[in-house]
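Peer 1: Input: one structure, supplied below.
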Amino acid sequence: WWHILPNVIGPVIVAATLGVGNAIITESTLSFLGIGFPPDVPTWGRMLYDGQNYIASAPHLVIFPGLAIFVTVLSVNYVGDGLRDALDVRSR
């Protein structure tokens, strides 16, 4: 365990953060398609679905939830990459 765990922790953290980002995108996609959470639960995908009818008159209804999804997934991936770099035993 002493030799294996330090070398495994970096790839495991990256895989976990990529999984979180994938889960966010999957949930948003399913909610946008109408097969996710019920309509009374506010999700980013449901906000995109509700705002698509008003995209010409009120584009902010689609832009902000889309940016929130993008920034959140990007941030989670960068946090995972930073943790991998911080916990890398080969760079010490």
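Following the order of the structure tokens, first chain is A, next is B, and so on, with residues numbered from 1 inside each chain and ligands from 1 in the order they appear.
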Per residue of stretch 49-77 of chain A within 10 Å of stretch 30-34 of chain A, record the nearest atom pair and its distance in Å to one decimal, counting only C-alpha atoms, with rows in chain order and ascending residue number, as a tab-separated table.

Peer 2:
```
residue	atom	partner	partner_atom	distance
A:Tyr49	CA	A:Phe32	CA	5.1
A:Asp50	CA	A:Phe32	CA	8.5
A:Gln52	CA	A:Phe32	CA	9.9
```

Peer 1: Emit the selected residues as a compact mmCIF listing (two decimals), in the first residue's frame, including N, CA and C atoms.

Peer 2:
```
# COMPACT_ATOMS: atom_id res chain seq x y z
N TYR A 49 -34.34 24.36 -21.48
CA TYR A 49 -35.54 23.93 -22.18
C TYR A 49 -36.63 24.99 -22.11
N ASP A 50 -36.82 25.57 -20.94
CA ASP A 50 -37.84 26.60 -20.78
C ASP A 50 -37.48 27.88 -21.53
N GLN A 52 -35.75 28.14 -24.39
CA GLN A 52 -35.55 28.02 -25.83
C GLN A 52 -36.66 28.69 -26.63
```

Peer 1: Do a neighbour search on stretch 16-29 of chain A at 9 Å with only C-alpha atoms, toss out local chain neighbours closer than 4 positions, and write the hits as a PyMOL selection string.

Peer 2: chain A and resi 11-12+33-37+43-46+48+69-70+72-74+76-81

Peer 1: Of the residues A:Gly82, A:Gly66, A:Leu87, A:Pro39, which is the one nearest to A:Leu5, using only C-alpha atoms?

Peer 2: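 Ranked by minimum distance to A:Leu5, first place goes to A:Leu87.
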
Peer 1: I need the residues in chain A that are alpha helix (DSSP H) according to DSSP; give them as a ChimeraX atom specification.

Peer 2: /A:4-33,44-51,60-86
